[in-house]
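Novice: One structure coming up, written as structure tokens, with questions to follow.
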Amino acid sequence: MAMGQIIKGKPVADKIKEELIKEVEELKARGINPKLTIVRVGARGDDLAYERGALKRCDSIGILTEVKELPEDITQEEYISEIKKINEDPATHGILCFRPLPKQLDEEVIKYVIAPEKDIDCFSPVNAAKVMEGDKSGFSPCTPTAVVEILKHYGVDLTGKKVVVLGRSMVVGKPAAMLLLNENATVTICHSKTKDLDLVTREADVLVAAVGRAKMVKENFIKDGAVVIDVGINVDENGNLCGDVDTDVVKDKVSMITPVPGGVGSVTTSILAKHVIKACKMQNNA
Ligand SMILES: Nc1nc(=O)c2c([nH]1)NC[C@@H]1CN(c3ccc(C(=O)N[C@@H](CCC(=O)O)C(=O)O)cc3)C=[N+]21
């Protein structure tokens with residue numbers, strides 16, 4: 001039995017942060033102030049967790065932030081007009097729209113509204129297409145990008161490995177599969193209709209859990225010595241943050257596993273900051 005190593009996000013996030021601090025200093029010396037605007041509808045727990053992390057991270061790097069807090073019952077027209085205003089505001093370089101959106105807002109329509117050059121979390125089809133193509137000139141989604149960065153940081157070579165992604169959302173699962181494919185992994189995507197789920201995930205050298213169901217990944221889902229990346233941000237029965245993986249029951253079977261909190265989420269915010277700076281530079285020809 002492998003003694004699982006808990007691999008934290010902080011060392012990965014800190015390394016990225018050090019590089020970004022220097023870049024922001026250079027921009028500021030030229031009178032350019034990178035800024036992120038977050039668009040939040042209502043007050044979902046996972047959005048608030050991301051917001052807390054993102055504001056703290058941007059602050060520590062010197063990136064300006066603003067949160068547009070919109071009512072839960074906002075109409076599609078009103079939401080679209082808010083996005084257009086931010087698109088046209090030259091002071092904002094990056095826009096993060098928390099997703100999923102409430103039911104009355106149609107993501108299939110709204111995704112065409114956000115300006116691709118400010119779309120730092122890959123909402124726009126322009127950026128999604130670039131992820132499919134392996135074209136790095138756009139913006140990949142921050143959370144799946146954080147997954148790949150963590151694996152690289154801890155020396156997990158993906159070439160030829162069997163990677164199983166649990167979940168097929170456009171925010172995490174589907175783009176994560178594409179980014180891992182771009183790293184030459186052999187990728188399987190599982191979802192709610194997958195038959196014999198535990199048999200499929202038990203084949204994985206690397207398992208990426210992104211379903212949003214608290215502690216659903218148990219010991220029987222895991223191959224001995226697998227690397228497990230837990231992307232889930234759930235709230236457990238006691239009101240505490242927890243992942244999609246039941247860490248206590250799998251930790252002696254895995255070789256490495258990311259914790260929640262303190263794992264993927266903390267790297268996501270560093271990638272977000274990195275994308276804001278990339279967008280800012282592109283918009284200023286810097
Ligand atoms: N368009 C979009 N993209 C997302 O990637 C997205 C989203 N919408 N909606 C909400 C979920 C949730 N999510 C988190 C990211 C970081 C932390 C994070 O920084 N977590 C810290 C703890 C933060 C705290 O609790 O203070 C940690 O895990 O250590 C949490 C949650 C991204 N999501």
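Convention: chains lettered A, B, ... in structure tokens order; per-chain residue numbering from 1; ligands numbered from 1 as shown.
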To check your reading of the model: which residues sit at most 7 Å from ligand 1 when counting only C-alpha atoms and all ligand atoms? Write the answer as a short mmCIF file (atom, residue, chain, number, x, y, z; two decimals) with N, CA and C atoms, in the first residue's frame.

Specialist:
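Everything below was put into part10.cif:
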data_model
loop_
_atom_site.label_atom_id
_atom_site.label_comp_id
_atom_site.auth_asym_id
_atom_site.auth_seq_id
_atom_site.Cartn_x
_atom_site.Cartn_y
_atom_site.Cartn_z
N ASP A 46 -19.71 28.26 -3.59
CA ASP A 46 -18.46 28.02 -4.31
C ASP A 46 -17.97 29.28 -5.02
N ASP A 47 -18.92 30.14 -5.44
CA ASP A 47 -18.54 31.43 -6.03
C ASP A 47 -17.85 32.30 -4.97
N ALA A 49 -16.32 31.35 -2.29
CA ALA A 49 -14.99 30.80 -1.96
C ALA A 49 -13.97 31.25 -3.00
N TYR A 50 -14.36 31.19 -4.28
CA TYR A 50 -13.46 31.62 -5.36
C TYR A 50 -13.18 33.11 -5.23
N ARG A 52 -13.29 35.11 -2.58
CA ARG A 52 -12.37 35.38 -1.46
C ARG A 52 -10.93 35.11 -1.87
N GLY A 53 -10.72 33.93 -2.46
CA GLY A 53 -9.37 33.54 -2.87
C GLY A 53 -8.82 34.47 -3.94
N ALA A 54 -9.66 34.82 -4.91
CA ALA A 54 -9.21 35.65 -6.04
C ALA A 54 -8.84 37.07 -5.59
N LEU A 96 -14.16 37.92 -15.14
CA LEU A 96 -14.49 36.56 -14.68
C LEU A 96 -15.98 36.51 -14.37
N CYS A 97 -16.73 35.75 -15.16
CA CYS A 97 -18.16 35.54 -14.92
C CYS A 97 -18.32 34.23 -14.17
N PHE A 98 -18.76 34.27 -12.93
CA PHE A 98 -18.96 33.02 -12.20
C PHE A 98 -20.05 32.20 -12.88
N ARG A 99 -19.80 30.91 -12.95
CA ARG A 99 -20.72 29.95 -13.55
C ARG A 99 -20.86 28.75 -12.64
N PRO A 100 -21.92 27.96 -12.75
CA PRO A 100 -23.03 28.17 -13.70
C PRO A 100 -23.89 29.38 -13.35
N ASP A 121 -11.23 33.48 -18.33
CA ASP A 121 -11.58 32.13 -17.86
C ASP A 121 -12.28 31.29 -18.94
N CYS A 142 -9.22 28.68 -16.01
CA CYS A 142 -8.23 28.72 -14.91
C CYS A 142 -8.17 27.42 -14.11
N THR A 143 -9.32 26.84 -13.77
CA THR A 143 -9.30 25.65 -12.91
C THR A 143 -8.62 24.45 -13.61
N VAL A 171 -16.79 24.22 -17.55
CA VAL A 171 -15.91 24.99 -16.65
C VAL A 171 -14.70 24.15 -16.25
N ILE A 233 -15.42 21.50 -5.10
CA ILE A 233 -15.57 22.48 -4.00
C ILE A 233 -16.99 22.30 -3.49
N VAL A 260 -8.60 19.60 -0.21
CA VAL A 260 -9.60 20.67 -0.38
C VAL A 260 -10.00 21.14 1.02
N PRO A 261 -9.85 22.39 1.39
CA PRO A 261 -9.22 23.46 0.58
C PRO A 261 -7.70 23.31 0.59
N GLY A 262 -7.02 24.23 -0.09
CA GLY A 262 -5.56 24.22 -0.08
C GLY A 262 -4.93 23.47 -1.24
N GLY A 263 -5.77 23.00 -2.17
CA GLY A 263 -5.24 22.26 -3.32
C GLY A 263 -5.40 23.05 -4.61
N VAL A 264 -6.23 22.51 -5.51
CA VAL A 264 -6.43 23.12 -6.83
C VAL A 264 -6.88 24.58 -6.73
N GLY A 265 -7.80 24.87 -5.82
CA GLY A 265 -8.37 26.22 -5.71
C GLY A 265 -7.31 27.29 -5.53
N SER A 266 -6.31 26.99 -4.71
CA SER A 266 -5.29 28.00 -4.45
C SER A 266 -4.41 28.25 -5.67
N THR A 268 -5.69 27.84 -8.83
CA THR A 268 -6.64 28.49 -9.75
C THR A 268 -6.54 30.01 -9.66
N THR A 269 -6.46 30.53 -8.45
CA THR A 269 -6.42 31.99 -8.29
C THR A 269 -5.11 32.58 -8.83
#

Novice: Could you pull out all residues of stretch 12-204 of chain A with a DSSP call of strand (DSSP E or B) and give them as a PDB file with N, CA and C atoms, in the first residue's frame?

Specialist:
ATOM      1  N   LYS A  35      -6.268  45.205 -14.083  1.00  0.00           N
ATOM      2  CA  LYS A  35      -7.480  45.118 -13.279  1.00  0.00           C
ATOM      3  C   LYS A  35      -8.376  43.961 -13.718  1.00  0.00           C
ATOM      4  N   LEU A  36      -8.895  43.255 -12.700  1.00  0.00           N
ATOM      5  CA  LEU A  36      -9.860  42.163 -12.889  1.00  0.00           C
ATOM      6  C   LEU A  36     -11.233  42.632 -12.417  1.00  0.00           C
ATOM      7  N   THR A  37     -12.271  42.380 -13.207  1.00  0.00           N
ATOM      8  CA  THR A  37     -13.642  42.578 -12.738  1.00  0.00           C
ATOM      9  C   THR A  37     -14.354  41.234 -12.671  1.00  0.00           C
ATOM     10  N   ILE A  38     -14.890  40.931 -11.493  1.00  0.00           N
ATOM     11  CA  ILE A  38     -15.629  39.688 -11.264  1.00  0.00           C
ATOM     12  C   ILE A  38     -17.115  39.990 -11.377  1.00  0.00           C
ATOM     13  N   VAL A  39     -17.853  39.138 -12.080  1.00  0.00           N
ATOM     14  CA  VAL A  39     -19.302  39.300 -12.195  1.00  0.00           C
ATOM     15  C   VAL A  39     -19.967  38.125 -11.483  1.00  0.00           C
ATOM     16  N   ARG A  40     -20.637  38.443 -10.377  1.00  0.00           N
ATOM     17  CA  ARG A  40     -21.284  37.401  -9.577  1.00  0.00           C
ATOM     18  C   ARG A  40     -22.789  37.642  -9.522  1.00  0.00           C
ATOM     19  N   VAL A  41     -23.558  36.581  -9.767  1.00  0.00           N
ATOM     20  CA  VAL A  41     -25.012  36.651  -9.639  1.00  0.00           C
ATOM     21  C   VAL A  41     -25.406  35.883  -8.381  1.00  0.00           C
ATOM     22  N   LEU A  64      -5.567  45.284  -9.495  1.00  0.00           N
ATOM     23  CA  LEU A  64      -6.808  45.915  -9.016  1.00  0.00           C
ATOM     24  C   LEU A  64      -7.983  44.970  -9.248  1.00  0.00           C
ATOM     25  N   THR A  65      -8.995  45.064  -8.381  1.00  0.00           N
ATOM     26  CA  THR A  65     -10.174  44.205  -8.531  1.00  0.00           C
ATOM     27  C   THR A  65     -11.447  45.002  -8.297  1.00  0.00           C
ATOM     28  N   GLU A  66     -12.532  44.491  -8.895  1.00  0.00           N
ATOM     29  CA  GLU A  66     -13.863  45.033  -8.641  1.00  0.00           C
ATOM     30  C   GLU A  66     -14.833  43.861  -8.741  1.00  0.00           C
ATOM     31  N   VAL A  67     -15.821  43.831  -7.856  1.00  0.00           N
ATOM     32  CA  VAL A  67     -16.846  42.788  -7.941  1.00  0.00           C
ATOM     33  C   VAL A  67     -18.161  43.443  -8.325  1.00  0.00           C
ATOM     34  N   LYS A  68     -18.744  42.995  -9.450  1.00  0.00           N
ATOM     35  CA  LYS A  68     -20.100  43.402  -9.829  1.00  0.00           C
ATOM     36  C   LYS A  68     -21.037  42.348  -9.274  1.00  0.00           C
ATOM     37  N   GLU A  69     -21.762  42.742  -8.224  1.00  0.00           N
ATOM     38  CA  GLU A  69     -22.674  41.802  -7.575  1.00  0.00           C
ATOM     39  C   GLU A  69     -24.062  42.044  -8.131  1.00  0.00           C
ATOM     40  N   LEU A  70     -24.645  41.049  -8.759  1.00  0.00           N
ATOM     41  CA  LEU A  70     -25.936  41.221  -9.425  1.00  0.00           C
ATOM     42  C   LEU A  70     -26.997  40.379  -8.724  1.00  0.00           C
ATOM     43  N   GLY A  94      -9.462  42.095 -17.497  1.00  0.00           N
ATOM     44  CA  GLY A  94      -9.942  40.717 -17.428  1.00  0.00           C
ATOM     45  C   GLY A  94     -11.308  40.651 -16.770  1.00  0.00           C
ATOM     46  N   ILE A  95     -12.188  39.795 -17.325  1.00  0.00           N
ATOM     47  CA  ILE A  95     -13.539  39.619 -16.771  1.00  0.00           C
ATOM     48  C   ILE A  95     -13.719  38.155 -16.380  1.00  0.00           C
ATOM     49  N   LEU A  96     -14.163  37.921 -15.137  1.00  0.00           N
ATOM     50  CA  LEU A  96     -14.489  36.563 -14.685  1.00  0.00           C
ATOM     51  C   LEU A  96     -15.980  36.509 -14.371  1.00  0.00           C
ATOM     52  N   CYS A  97     -16.727  35.749 -15.158  1.00  0.00           N
ATOM     53  CA  CYS A  97     -18.161  35.543 -14.917  1.00  0.00           C
ATOM     54  C   CYS A  97     -18.320  34.232 -14.171  1.00  0.00           C
ATOM     55  N   ASP A 119     -11.621  37.776 -21.815  1.00  0.00           N
ATOM     56  CA  ASP A 119     -12.260  36.550 -21.315  1.00  0.00           C
ATOM     57  C   ASP A 119     -11.228  35.615 -20.688  1.00  0.00           C
ATOM     58  N   LYS A 162      -2.631   6.907 -18.477  1.00  0.00           N
ATOM     59  CA  LYS A 162      -4.095   6.831 -18.500  1.00  0.00           C
ATOM     60  C   LYS A 162      -4.644   7.826 -17.500  1.00  0.00           C
ATOM     61  N   VAL A 163      -5.328   8.843 -18.039  1.00  0.00           N
ATOM     62  CA  VAL A 163      -5.936   9.856 -17.184  1.00  0.00           C
ATOM     63  C   VAL A 163      -7.448   9.737 -17.306  1.00  0.00           C
ATOM     64  N   VAL A 164      -8.135   9.666 -16.187  1.00  0.00           N
ATOM     65  CA  VAL A 164      -9.594   9.653 -16.205  1.00  0.00           C
ATOM     66  C   VAL A 164     -10.105  10.946 -15.579  1.00  0.00           C
ATOM     67  N   VAL A 165     -10.956  11.630 -16.324  1.00  0.00           N
ATOM     68  CA  VAL A 165     -11.589  12.860 -15.831  1.00  0.00           C
ATOM     69  C   VAL A 165     -13.031  12.527 -15.480  1.00  0.00           C
ATOM     70  N   LEU A 166     -13.381  12.818 -14.241  1.00  0.00           N
ATOM     71  CA  LEU A 166     -14.757  12.584 -13.769  1.00  0.00           C
ATOM     72  C   LEU A 166     -15.494  13.910 -13.860  1.00  0.00           C
ATOM     73  N   THR A 186      -3.507   9.773 -22.327  1.00  0.00           N
ATOM     74  CA  THR A 186      -4.622   9.033 -22.922  1.00  0.00           C
ATOM     75  C   THR A 186      -5.821   9.275 -22.023  1.00  0.00           C
ATOM     76  N   VAL A 187      -6.808  10.011 -22.536  1.00  0.00           N
ATOM     77  CA  VAL A 187      -7.835  10.577 -21.656  1.00  0.00           C
ATOM     78  C   VAL A 187      -9.196   9.895 -21.829  1.00  0.00           C
ATOM     79  N   THR A 188      -9.808   9.563 -20.699  1.00  0.00           N
ATOM     80  CA  THR A 188     -11.182   9.057 -20.678  1.00  0.00           C
ATOM     81  C   THR A 188     -12.032  10.044 -19.891  1.00  0.00           C
ATOM     82  N   ILE A 189     -13.204  10.383 -20.411  1.00  0.00           N
ATOM     83  CA  ILE A 189     -14.119  11.274 -19.687  1.00  0.00           C
ATOM     84  C   ILE A 189     -15.307  10.466 -19.178  1.00  0.00           C
ATOM     85  N   CYS A 190     -15.554  10.523 -17.871  1.00  0.00           N
ATOM     86  CA  CYS A 190     -16.696   9.832 -17.266  1.00  0.00           C
ATOM     87  C   CYS A 190     -17.737  10.850 -16.823  1.00  0.00           C
TER      88      CYS A 190
END

Novice: Please give the complete set of residues from stretch 93-150 of chain A that DSSP, run on the backbone, assigns to alpha helix (DSSP H), formatted as a count of residues only.

Specialist: 22

Novice: Within 9 Å of A:Thr247, counting only C-alpha atoms, which residues show up once you throw out same-chain ones fewer than 4 positions away? Write them as a list of chain:residue names, please.

Specialist: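 After dropping sequence-adjacent residues, the list is A:Lys215, A:Val217, A:Lys218, A:Gly243, A:Lys251, A:Ile257, A:Thr258, A:Pro259.
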
Novice: Just the residues within 7 Å of stretch 30-34 of chain A, please, counting only C-alpha atoms, with nothing from its chain fewer than 2 positions along; format it as a PyMOL selection string.

Specialist: chain A and resi 26-28+63-64+93+276-277+280

Novice: Work out how far atom CA of A:Lys161 is from atom CA of A:Val245, in Å to one decimal.

Specialist: 20.8 Å

Novice: Do you know which residues are at most 6 Å from A:Arg202 counting only C-alpha atoms, after dropping those on the same chain fewer than 6 positions away, and could you put them as a list in words?

Specialist: Phe221, Ile222 and Lys223 of chain A

Novice: Closest to A:Leu55 among A:Ile150, A:Val12, A:Ala273, A:Ala286, using only C-alpha atoms?

Specialist: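 So, comparing all the options, the nearest one is A:Ala273.
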
Novice: Find the residues near A:Leu180: any atom within 8 Å, counting only C-alpha atoms, skip ones fewer than 3 places away on the same chain, and give them as a ChimeraX atom specification.

Specialist: /A:148,158,163,176-177,183-185,187

Novice: If you keep N, CA and C atoms, can you produce a file of those selected residues as a PDB file, in the first residue's frame?

Specialist:
ATOM      1  N   VAL A 148      -3.307  20.988 -14.501  1.00  0.00           N
ATOM      2  CA  VAL A 148      -2.111  20.620 -15.272  1.00  0.00           C
ATOM      3  C   VAL A 148      -0.848  21.174 -14.606  1.00  0.00           C
ATOM      4  N   LEU A 158       2.851  13.180 -17.880  1.00  0.00           N
ATOM      5  CA  LEU A 158       1.540  12.768 -18.402  1.00  0.00           C
ATOM      6  C   LEU A 158       1.626  11.978 -19.704  1.00  0.00           C
ATOM      7  N   VAL A 163      -5.328   8.843 -18.039  1.00  0.00           N
ATOM      8  CA  VAL A 163      -5.936   9.856 -17.184  1.00  0.00           C
ATOM      9  C   VAL A 163      -7.448   9.737 -17.306  1.00  0.00           C
ATOM     10  N   ALA A 176     -10.560  20.300 -19.189  1.00  0.00           N
ATOM     11  CA  ALA A 176      -9.455  19.593 -18.523  1.00  0.00           C
ATOM     12  C   ALA A 176      -9.002  18.425 -19.393  1.00  0.00           C
ATOM     13  N   ALA A 177      -9.967  17.703 -19.952  1.00  0.00           N
ATOM     14  CA  ALA A 177      -9.627  16.570 -20.818  1.00  0.00           C
ATOM     15  C   ALA A 177      -8.800  17.034 -22.016  1.00  0.00           C
ATOM     16  N   GLU A 183      -1.152  17.399 -23.369  1.00  0.00           N
ATOM     17  CA  GLU A 183       0.069  16.941 -22.676  1.00  0.00           C
ATOM     18  C   GLU A 183       0.367  15.480 -23.007  1.00  0.00           C
ATOM     19  N   ASN A 184      -0.308  14.947 -23.999  1.00  0.00           N
ATOM     20  CA  ASN A 184      -0.074  13.582 -24.495  1.00  0.00           C
ATOM     21  C   ASN A 184      -0.546  12.468 -23.570  1.00  0.00           C
ATOM     22  N   ALA A 185      -1.509  12.773 -22.699  1.00  0.00           N
ATOM     23  CA  ALA A 185      -2.134  11.721 -21.897  1.00  0.00           C
ATOM     24  C   ALA A 185      -3.173  10.992 -22.742  1.00  0.00           C
ATOM     25  N   VAL A 187      -6.808  10.011 -22.536  1.00  0.00           N
ATOM     26  CA  VAL A 187      -7.835  10.577 -21.656  1.00  0.00           C
ATOM     27  C   VAL A 187      -9.196   9.895 -21.829  1.00  0.00           C
TER      28      VAL A 187
END
